[in-house]
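Data from target-v6.csv: CSV, C-alpha atoms and all ligand atoms
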chain,number,residue,atom,x,y,z
H,1,MET,CA,50.8,67.1,182.5
H,2,ALA,CA,50.9,64.3,185.1
H,3,ALA,CA,54.2,62.8,185.9
H,4,ASP,CA,55.1,59.7,183.9
H,5,ASN,CA,55.7,56.3,185.4
H,6,ARG,CA,59.5,56.6,185.6
H,7,LEU,CA,61.7,54.2,183.8
H,8,PRO,CA,65.2,53.3,184.8
H,9,ALA,CA,68.2,55.3,183.5
H,10,VAL,CA,69.4,52.4,181.3
H,11,ILE,CA,67.0,50.5,179.0
H,12,GLY,CA,68.2,47.6,177.0
H,13,HIS,CA,67.5,48.2,173.3
H,14,ARG,CA,65.7,45.4,171.5
H,15,GLY,CA,66.8,43.3,174.6
H,16,ALA,CA,70.5,43.8,174.5
H,17,ALA,CA,71.1,44.1,170.8
H,18,GLY,CA,74.8,44.4,171.0
H,19,HIS,CA,75.2,41.1,172.7
H,20,ALA,CA,72.4,38.8,171.6
H,21,PRO,CA,70.0,38.7,168.6
H,22,GLU,CA,67.5,41.6,168.8
H,23,ASN,CA,64.0,41.0,169.9
H,24,THR,CA,64.6,37.4,171.2
H,25,LEU,CA,64.1,35.8,174.6
H,26,ALA,CA,67.9,35.2,174.6
H,27,GLY,CA,68.2,39.0,174.3
H,28,LEU,CA,65.9,39.7,177.2
H,29,ARG,CA,67.9,37.2,179.4
H,30,LYS,CA,71.2,38.7,178.3
H,31,ALA,CA,69.9,42.2,179.3
H,32,HIS,CA,69.1,40.8,182.7
H,33,ASP,CA,72.5,39.1,183.0
H,34,LEU,CA,74.1,42.6,182.3
H,35,GLY,CA,72.2,44.1,185.2
H,36,VAL,CA,69.5,45.8,183.2
H,37,THR,CA,66.1,46.2,184.8
H,38,CYS,CA,64.1,47.4,181.8
H,39,VAL,CA,64.1,46.5,178.2
H,40,GLU,CA,62.6,47.9,175.0
H,41,PHE,CA,61.4,45.6,172.2
H,42,ASP,CA,59.5,46.0,169.0
H,43,ASP,CA,56.1,44.5,168.5
H,44,MET,CA,54.4,43.5,165.2
H,45,LEU,CA,51.4,41.3,164.2
H,46,SER,CA,51.6,38.0,162.4
H,47,ALA,CA,49.1,37.3,159.6
H,48,ASP,CA,46.8,35.8,162.1
H,49,GLY,CA,47.1,38.7,164.5
H,50,VAL,CA,49.5,37.3,167.1
H,51,PRO,CA,51.8,40.0,168.5
H,52,VAL,CA,55.5,39.0,168.1
H,53,LEU,CA,58.8,40.6,168.8
H,54,PHE,CA,60.3,41.9,165.5
H,55,HIS,CA,61.7,45.1,164.1
H,56,ASP,CA,61.7,45.0,160.3
H,57,GLU,CA,58.6,44.6,158.1
H,58,THR,CA,60.5,41.8,156.2
H,59,LEU,CA,62.1,38.7,157.7
H,60,GLU,CA,65.5,38.5,155.9
H,61,ARG,CA,67.8,40.7,158.0
H,62,THR,CA,67.2,39.0,161.4
H,63,SER,CA,65.8,35.5,160.5
H,64,ASP,CA,66.1,32.8,157.9
H,65,GLY,CA,62.6,33.6,156.6
H,66,THR,CA,61.7,35.5,153.5
H,67,GLY,CA,59.1,38.1,152.7
H,68,ARG,CA,56.8,40.1,155.0
H,69,LEU,CA,56.4,39.1,158.6
H,70,SER,CA,52.8,40.2,158.5
H,71,SER,CA,52.0,37.7,155.7
H,72,GLN,CA,53.0,34.7,157.8
H,73,ARG,CA,51.0,32.9,160.4
H,74,TRP,CA,52.3,32.4,163.9
H,75,GLU,CA,52.6,28.7,163.5
H,76,ASP,CA,55.0,29.3,160.6
H,77,LEU,CA,56.9,32.2,162.2
H,78,GLN,CA,57.7,29.9,165.2
H,79,LYS,CA,59.7,27.6,162.9
H,80,LEU,CA,62.2,30.3,161.9
H,81,ASP,CA,65.7,30.8,163.2
H,82,ALA,CA,66.1,34.4,164.5
H,83,GLY,CA,69.5,33.7,166.1
H,84,SER,CA,72.0,32.3,163.6
H,85,TRP,CA,72.4,35.6,161.7
H,86,PHE,CA,73.8,37.1,164.9
H,87,GLY,CA,76.1,34.2,165.8
H,88,PRO,CA,76.3,30.4,165.8
H,89,VAL,CA,75.8,30.2,169.6
H,90,PHE,CA,72.3,31.6,169.0
H,91,ALA,CA,71.3,29.1,166.3
H,92,GLY,CA,67.6,28.1,166.5
H,93,GLU,CA,66.7,31.0,168.7
H,94,PRO,CA,63.0,31.7,167.7
H,95,ILE,CA,61.0,34.8,167.1
H,96,PRO,CA,59.1,35.1,170.4
H,97,SER,CA,55.5,36.0,170.8
H,98,LEU,CA,54.6,38.8,173.2
H,99,HIS,CA,53.1,36.2,175.5
H,100,GLN,CA,56.4,34.3,175.7
H,101,ALA,CA,58.3,37.6,176.3
H,102,MET,CA,55.9,38.5,179.1
H,103,ALA,CA,56.5,35.2,180.8
H,104,VAL,CA,60.3,35.8,180.7
H,105,LEU,CA,59.9,39.4,181.9
H,106,GLY,CA,57.7,38.2,184.8
H,107,ALA,CA,60.2,35.5,185.8
H,108,LEU,CA,63.1,37.9,185.6
H,109,GLY,CA,61.3,40.9,187.2
H,110,MET,CA,62.2,43.1,184.3
H,111,LYS,CA,60.2,46.2,183.3
H,112,ALA,CA,59.5,46.9,179.6
H,113,ASN,CA,58.8,49.5,177.0
H,114,VAL,CA,56.7,47.9,174.2
H,115,GLU,CA,57.2,49.7,170.9
H,116,LEU,CA,54.3,49.2,168.6
H,117,LYS,CA,55.8,48.6,165.1
H,118,PRO,CA,52.8,48.3,162.8
H,119,SER,CA,53.2,46.7,159.4
H,120,ARG,CA,51.9,48.9,156.6
H,121,GLY,CA,48.1,49.5,157.1
H,122,GLN,CA,48.0,47.8,160.5
H,123,ASP,CA,48.5,50.8,162.7
H,124,ALA,CA,45.2,50.6,164.6
H,125,MET,CA,44.9,46.9,164.7
H,126,THR,CA,48.5,46.6,166.2
H,127,GLY,CA,47.6,49.1,168.9
H,128,VAL,CA,44.4,47.4,169.9
H,129,ILE,CA,45.5,43.8,169.8
H,130,THR,CA,48.8,44.5,171.6
H,131,ALA,CA,47.1,46.6,174.3
H,132,LYS,CA,44.5,43.9,174.8
H,133,THR,CA,47.2,41.2,175.1
H,134,LEU,CA,49.0,43.3,177.7
H,135,GLN,CA,45.8,43.9,179.6
H,136,GLU,CA,45.1,40.2,179.7
H,137,SER,CA,48.5,38.8,180.5
H,138,TRP,CA,51.0,41.5,181.7
H,139,PRO,CA,52.7,40.0,184.8
H,140,ALA,CA,51.0,41.4,187.9
H,141,VAL,CA,54.4,41.5,189.7
H,142,LEU,CA,55.7,44.2,187.3
H,143,PRO,CA,54.8,47.9,186.9
H,144,ALA,CA,52.7,48.6,183.8
H,145,PRO,CA,54.6,48.6,180.5
H,146,VAL,CA,55.2,51.9,178.7
H,147,ILE,CA,53.7,51.7,175.2
H,148,SER,CA,55.5,53.8,172.5
H,149,SER,CA,55.3,54.2,168.8
H,150,PHE,CA,56.2,56.4,165.8
H,151,SER,CA,52.6,55.8,164.8
H,152,GLY,CA,50.1,58.2,166.3
H,153,LYS,CA,47.3,55.9,165.0
H,154,SER,CA,48.7,52.9,166.9
H,155,LEU,CA,49.0,54.9,170.1
H,156,VAL,CA,45.5,56.3,169.9
H,157,ALA,CA,44.2,52.8,169.3
H,158,ALA,CA,46.2,51.4,172.2
H,159,ALA,CA,44.9,54.3,174.4
H,160,ASP,CA,41.3,53.6,173.5
H,161,GLN,CA,41.8,49.9,174.4
H,162,ALA,CA,44.0,50.3,177.5
H,163,PRO,CA,44.1,53.9,178.7
H,164,GLU,CA,45.8,52.7,181.9
H,165,PHE,CA,49.2,52.1,180.2
H,166,PRO,CA,51.5,55.1,179.9
H,167,ARG,CA,52.3,56.1,176.4
H,168,ALA,CA,55.4,57.7,174.8
H,169,LEU,CA,55.6,59.4,171.4
H,170,LEU,CA,58.6,58.3,169.3
H,171,VAL,CA,60.2,60.8,167.0
H,172,TRP,CA,63.1,60.6,164.5
H,173,GLU,CA,63.8,64.0,162.9
H,174,PHE,CA,62.4,66.3,165.6
H,175,PRO,CA,59.0,67.6,164.3
H,176,ASP,CA,57.9,71.2,164.9
H,177,ASP,CA,54.5,69.9,165.9
H,178,TRP,CA,55.9,67.4,168.5
H,179,ARG,CA,53.8,68.8,171.3
H,180,ALA,CA,50.5,68.6,169.4
H,181,ARG,CA,51.4,65.0,168.4
H,182,ALA,CA,52.3,64.0,171.9
H,183,ASP,CA,49.1,65.5,173.3
H,184,ALA,CA,47.0,63.9,170.6
H,185,VAL,CA,48.0,60.4,171.9
H,186,GLY,CA,48.1,61.4,175.6
H,187,ALA,CA,51.8,60.8,175.8
H,188,THR,CA,53.6,61.5,179.1
H,189,ALA,CA,57.1,61.0,177.5
H,190,VAL,CA,58.9,61.7,174.3
H,191,HIS,CA,61.4,59.1,173.0
H,192,ALA,CA,63.8,61.1,170.7
H,193,SER,CA,66.7,60.1,168.5
H,194,ARG,CA,70.2,60.9,169.6
H,195,LYS,CA,71.0,61.8,166.0
H,196,HIS,CA,68.6,64.7,165.7
H,197,LEU,CA,67.7,66.0,169.2
H,198,THR,CA,69.2,69.3,170.2
H,199,ARG,CA,69.7,70.7,173.6
H,200,ASP,CA,67.0,73.3,173.1
H,201,GLN,CA,64.5,70.7,172.0
H,202,ALA,CA,65.4,68.6,175.0
H,203,ARG,CA,64.7,71.6,177.2
H,204,ALA,CA,61.4,72.3,175.5
H,205,ILE,CA,60.3,68.7,176.2
H,206,LEU,CA,61.2,68.9,179.8
H,207,ASP,CA,59.7,72.4,180.3
H,208,ALA,CA,56.4,71.1,178.9
H,209,GLY,CA,56.4,68.4,181.6
H,210,TYR,CA,57.2,65.3,179.5
H,211,ALA,CA,59.8,62.8,180.4
H,212,LEU,CA,62.6,62.5,177.9
H,213,ARG,CA,64.2,59.2,176.8
H,214,ILE,CA,66.8,59.0,174.1
H,215,TYR,CA,67.7,56.2,171.6
H,216,THR,CA,70.1,54.5,170.7
H,217,VAL,CA,73.0,55.6,172.8
H,218,ASN,CA,76.0,53.3,172.7
H,219,ASP,CA,78.7,55.7,173.8
H,220,GLY,CA,79.3,56.5,177.5
H,221,THR,CA,80.5,60.1,176.9
H,222,GLU,CA,77.5,60.8,174.8
H,223,GLY,CA,75.3,59.2,177.4
H,224,ALA,CA,76.6,61.5,180.1
H,225,ARG,CA,75.8,64.5,178.0
H,226,PHE,CA,72.2,63.4,177.5
H,227,TYR,CA,71.8,62.8,181.2
H,228,ASP,CA,73.1,66.4,181.7
H,229,TRP,CA,70.4,67.5,179.3
H,230,GLY,CA,67.8,65.9,181.6
H,231,ALA,CA,67.1,62.6,179.9
H,232,GLU,CA,65.5,60.2,182.3
H,233,SER,CA,66.5,57.1,180.3
H,234,LEU,CA,68.8,56.0,177.5
H,235,PHE,CA,68.1,53.1,175.2
H,236,THR,CA,71.3,51.2,174.5
H,237,ASP,CA,72.5,48.1,172.7
H,238,TYR,CA,75.5,48.0,175.2
H,239,PRO,CA,74.3,48.6,178.7
H,240,GLU,CA,77.7,48.1,180.2
H,241,ARG,CA,79.0,51.2,178.3
H,242,ILE,CA,76.5,53.6,180.0
H,243,VAL,CA,77.0,54.9,183.5
H,244,PRO,CA,73.5,55.5,184.8
H,245,ARG,CA,72.4,58.6,186.6
J,301,LIG,O1,62.1,52.6,171.0
J,301,LIG,C1,63.4,53.2,170.7
J,301,LIG,C2,63.9,52.7,169.4
J,301,LIG,O2,63.9,51.3,169.4
J,301,LIG,C3,63.2,53.2,168.2
J,301,LIG,O3,63.8,52.9,167.0
J,301,LIG,O4,64.1,51.6,164.9
J,301,LIG,O5,65.3,50.9,167.0
J,301,LIG,O6,62.9,50.6,166.8
J,301,LIG,P1,64.0,51.4,166.4
J,302,MG,MG,62.4,49.8,168.8
Could the structure of this file be written out as structure tokens, please?
Ligand code: G3P
Ligand code: MG
Amino acid sequence: MAADNRLPAVIGHRGAAGHAPENTLAGLRKAHDLGVTCVEFDDMLSADGVPVLFHDETLERTSDGTGRLSSQRWEDLQKLDAGSWFGPVFAGEPIPSLHQAMAVLGALGMKANVELKPSRGQDAMTGVITAKTLQESWPAVLPAPVISSFSGKSLVAAADQAPEFPRALLVWEFPDDWRARADAVGATAVHASRKHLTRDQARAILDAGYALRIYTVNDGTEGARFYDWGAESLFTDYPERIVPR
């Protein structure tokens, strides 16, 4: 297993989700203001196939829209307010496209982990279109983004389109067949949940030659423990709480 492109010890989760609305340009800028050099964000396709930054399949929790994100076209998604739900100071903050996010990342010099978040039935298409968009427009000044997903289908599709981008397998409850799944997508890292990962599992990941990154760690003491376990990076909503190692 070749060594992964390393990522920094602290990765802003959905931008800096504790401080600014998740998956917005304001969130990317806030992460940078907090001294973060790498952010994670979620990536989903609009009805007309535009990759945008969004977490849920439905719009209600983090915008003033209704229904499924994947059933709305980009020209309509752009009109939504994805900031007011978080706080009045963010009123009018839009859902950004991946293109808009890349422009901000390039300007700020921030690395990224792009998490493919396919809507139901769109696993392969999300992988292909996102990988193609990254190939065409990823800022040349930045190291290649790491592409991750819970969806093996999305990762395989992204790998077929753009094998040059490093990939990471995301897991929630730690699966017995994690290694077969990681190998099937050519992953060089495993992104594991703080809620389910055990020390033995962390050791197995490292012994097999994969990088280990853990989400979402918002407590400094817990973060220190995971660094002790060998985690390369921690995803956090509150970067100021984590002392990097
Ligand atoms: O990529 C790490 C983490 O973001 C995965 O879970 O649900 O926050 O996207 P979620
Ligand atoms: Mg995510």
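Straight-line separation from atom CA of Ala31 of chain H to atom CA of Leu206 of chain H: 28.1 Å.
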Quiz item: Between atom CA of Ala124 of chain H and atom CA of Ser71 of chain H, what is the spacing in Å?
Solution: 17.1 Å
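Atom CA of Ile95 of chain H to atom CA of Leu116 of chain H spans 16.0 Å [interatomic distance, one decimal].
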Which residues of segment 95-171 of chain H come within 6 Å of segment 39-43 of chain H, and what is each one's closest atom pair and distance in Å (one decimal), counting all atoms listed in the file, sorted by chain and residue number, as CSV?
residue,atom,partner,partner_atom,distance
H:Ala112,CA,H:Val39,CA,4.8
H:Asn113,CA,H:Glu40,CA,4.6
H:Val114,CA,H:Phe41,CA,5.6
H:Glu115,CA,H:Asp42,CA,4.8
H:Leu116,CA,H:Asp43,CA,5.0
H:Lys117,CA,H:Asp43,CA,5.3
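If all atoms listed in the file are the atoms counted, then among H:Leu7, H:Ala180, H:Glu240, H:Thr58 the closest residue to Gly35 of chain H is H:Glu240.
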Write out as a tab-separated table a residue-level contact list of chain H versus ligand LIG 301 (chain J) with cut-off 12 Å: for each qualifying residue the closest pair of atoms and the distance in Å to one decimal, counting all atoms listed in the file, rows sorted by chain and residue number upward.
residue	atom	partner	partner_atom	distance
H:Ile11	CA	J:LIG301	C1	9.4
H:Gly12	CA	J:LIG301	O2	9.5
H:His13	CA	J:LIG301	O2	6.1
H:Arg14	CA	J:LIG301	O2	6.5
H:Gly15	CA	J:LIG301	O2	10.0
H:Ala16	CA	J:LIG301	O2	11.2
H:Ala17	CA	J:LIG301	O5	9.7
H:Glu22	CA	J:LIG301	O5	9.7
H:Asn23	CA	J:LIG301	O6	10.1
H:Val39	CA	J:LIG301	O1	9.6
H:Glu40	CA	J:LIG301	O1	6.2
H:Phe41	CA	J:LIG301	O2	6.8
H:Asp42	CA	J:LIG301	O6	6.1
H:Asp43	CA	J:LIG301	O6	9.3
H:Met44	CA	J:LIG301	O6	11.2
H:Leu53	CA	J:LIG301	O6	11.0
H:Phe54	CA	J:LIG301	O6	9.2
H:His55	CA	J:LIG301	O6	6.2
H:Asp56	CA	J:LIG301	O4	8.4
H:Glu57	CA	J:LIG301	O4	11.2
H:Ala112	CA	J:LIG301	O1	10.6
H:Asn113	CA	J:LIG301	O1	7.5
H:Val114	CA	J:LIG301	O1	7.8
H:Glu115	CA	J:LIG301	O1	5.7
H:Leu116	CA	J:LIG301	O1	8.8
H:Lys117	CA	J:LIG301	O6	7.6
H:Pro118	CA	J:LIG301	O6	11.1
H:Val146	CA	J:LIG301	O1	10.4
H:Ile147	CA	J:LIG301	O1	9.4
H:Ser148	CA	J:LIG301	O1	6.9
H:Ser149	CA	J:LIG301	O1	7.3
H:Phe150	CA	J:LIG301	C3	8.1
H:Ser151	CA	J:LIG301	C3	11.4
H:Arg167	CA	J:LIG301	O1	11.7
H:Ala168	CA	J:LIG301	O1	9.2
H:Leu169	CA	J:LIG301	O1	9.4
H:Leu170	CA	J:LIG301	O1	6.9
H:Val171	CA	J:LIG301	C3	8.3
H:Trp172	CA	J:LIG301	O3	8.1
H:Glu173	CA	J:LIG301	O3	11.8
H:Ala189	CA	J:LIG301	O1	11.7
H:Val190	CA	J:LIG301	O1	10.2
H:His191	CA	J:LIG301	C1	6.6
H:Ala192	CA	J:LIG301	C1	7.9
H:Ser193	CA	J:LIG301	C3	7.7
H:Arg194	CA	J:LIG301	C1	10.3
H:Lys195	CA	J:LIG301	O3	11.5
H:Leu212	CA	J:LIG301	C1	11.8
H:Arg213	CA	J:LIG301	C1	8.6
H:Ile214	CA	J:LIG301	C1	7.5
H:Tyr215	CA	J:LIG301	C1	5.3
H:Thr216	CA	J:LIG301	C2	6.6
H:Val217	CA	J:LIG301	C1	10.1
H:Ser233	CA	J:LIG301	C1	10.8
H:Leu234	CA	J:LIG301	C1	9.1
H:Phe235	CA	J:LIG301	C1	6.5
H:Thr236	CA	J:LIG301	O2	9.0
H:Asp237	CA	J:LIG301	O5	9.6
Quiz item: Taking (73.8, 69.2, 178.6) in the file's coordinates, which residues come within 10 Å, counting all atoms listed in the file, written as JSON, numbers by chain?
Solution: {"H": [198, 199, 200, 202, 203, 222, 224, 225, 226, 227, 228, 229, 230, 231]}
Quiz item: Using all atoms listed in the file, which of the listed residues (H:Pro143, H:Tyr210, H:Ala26, H:Trp178) sits closest to Glu164 of chain H?
Solution: H:Pro143
Exercise. Please determine the residues with any atom at most 10 Å from (43.3, 49.1, 165.9) (coordinates as given in the file, with only C-alpha atoms counting) and report them as a VMD selection string.
Key: chain H and resid 122 to 131 153 to 158 160 to 161
Please write the residues from the selection above to a file, keeping C-alpha atoms, as an mmCIF file, keeping the file's coordinate frame.
data_model
loop_
_atom_site.group_PDB
_atom_site.id
_atom_site.type_symbol
_atom_site.label_atom_id
_atom_site.label_comp_id
_atom_site.auth_asym_id
_atom_site.auth_seq_id
_atom_site.Cartn_x
_atom_site.Cartn_y
_atom_site.Cartn_z
ATOM 1 C CA GLN H 122 48.000 47.800 160.500
ATOM 2 C CA ASP H 123 48.500 50.800 162.700
ATOM 3 C CA ALA H 124 45.200 50.600 164.600
ATOM 4 C CA MET H 125 44.900 46.900 164.700
ATOM 5 C CA THR H 126 48.500 46.600 166.200
ATOM 6 C CA GLY H 127 47.600 49.100 168.900
ATOM 7 C CA VAL H 128 44.400 47.400 169.900
ATOM 8 C CA ILE H 129 45.500 43.800 169.800
ATOM 9 C CA THR H 130 48.800 44.500 171.600
ATOM 10 C CA ALA H 131 47.100 46.600 174.300
ATOM 11 C CA LYS H 153 47.300 55.900 165.000
ATOM 12 C CA SER H 154 48.700 52.900 166.900
ATOM 13 C CA LEU H 155 49.000 54.900 170.100
ATOM 14 C CA VAL H 156 45.500 56.300 169.900
ATOM 15 C CA ALA H 157 44.200 52.800 169.300
ATOM 16 C CA ALA H 158 46.200 51.400 172.200
ATOM 17 C CA ASP H 160 41.300 53.600 173.500
ATOM 18 C CA GLN H 161 41.800 49.900 174.400
#
Quiz prompt | Shell of 10 Å around Thr133 of chain H, all atoms listed in the file, local chain residues under 5 positions omitted, as an NGL selection string | solution = :H and (50-51 or 98-99 or 102 or 128 or 138 or 162)
Self-check item: For Pro94 of chain H: contacts at 12 Å, only C-alpha atoms, fewer than 5 positions along chain excluded, given as number ranges by chain
Solution: H: 21-27, 52-54, 62-65, 74-85, 100-101
Give the padded box for segment 227-237 of chain H as lines of an AutoDock Vina configuration file: axis-aligned, covering all atoms listed in the file, 3 Å on each side, centre and edge lengths in Å to one decimal.
center_x = 69.3
center_y = 57.8
center_z = 177.5
size_x = 13.6
size_y = 25.4
size_z = 15.6
Practice problem: Within 6 Å of Met110 of chain H, counting all atoms listed in the file, which residues show up once you throw out same-chain ones fewer than 5 positions away? Write them as a PyMOL selection string, please. | Solution: chain H and resi 37-38+105
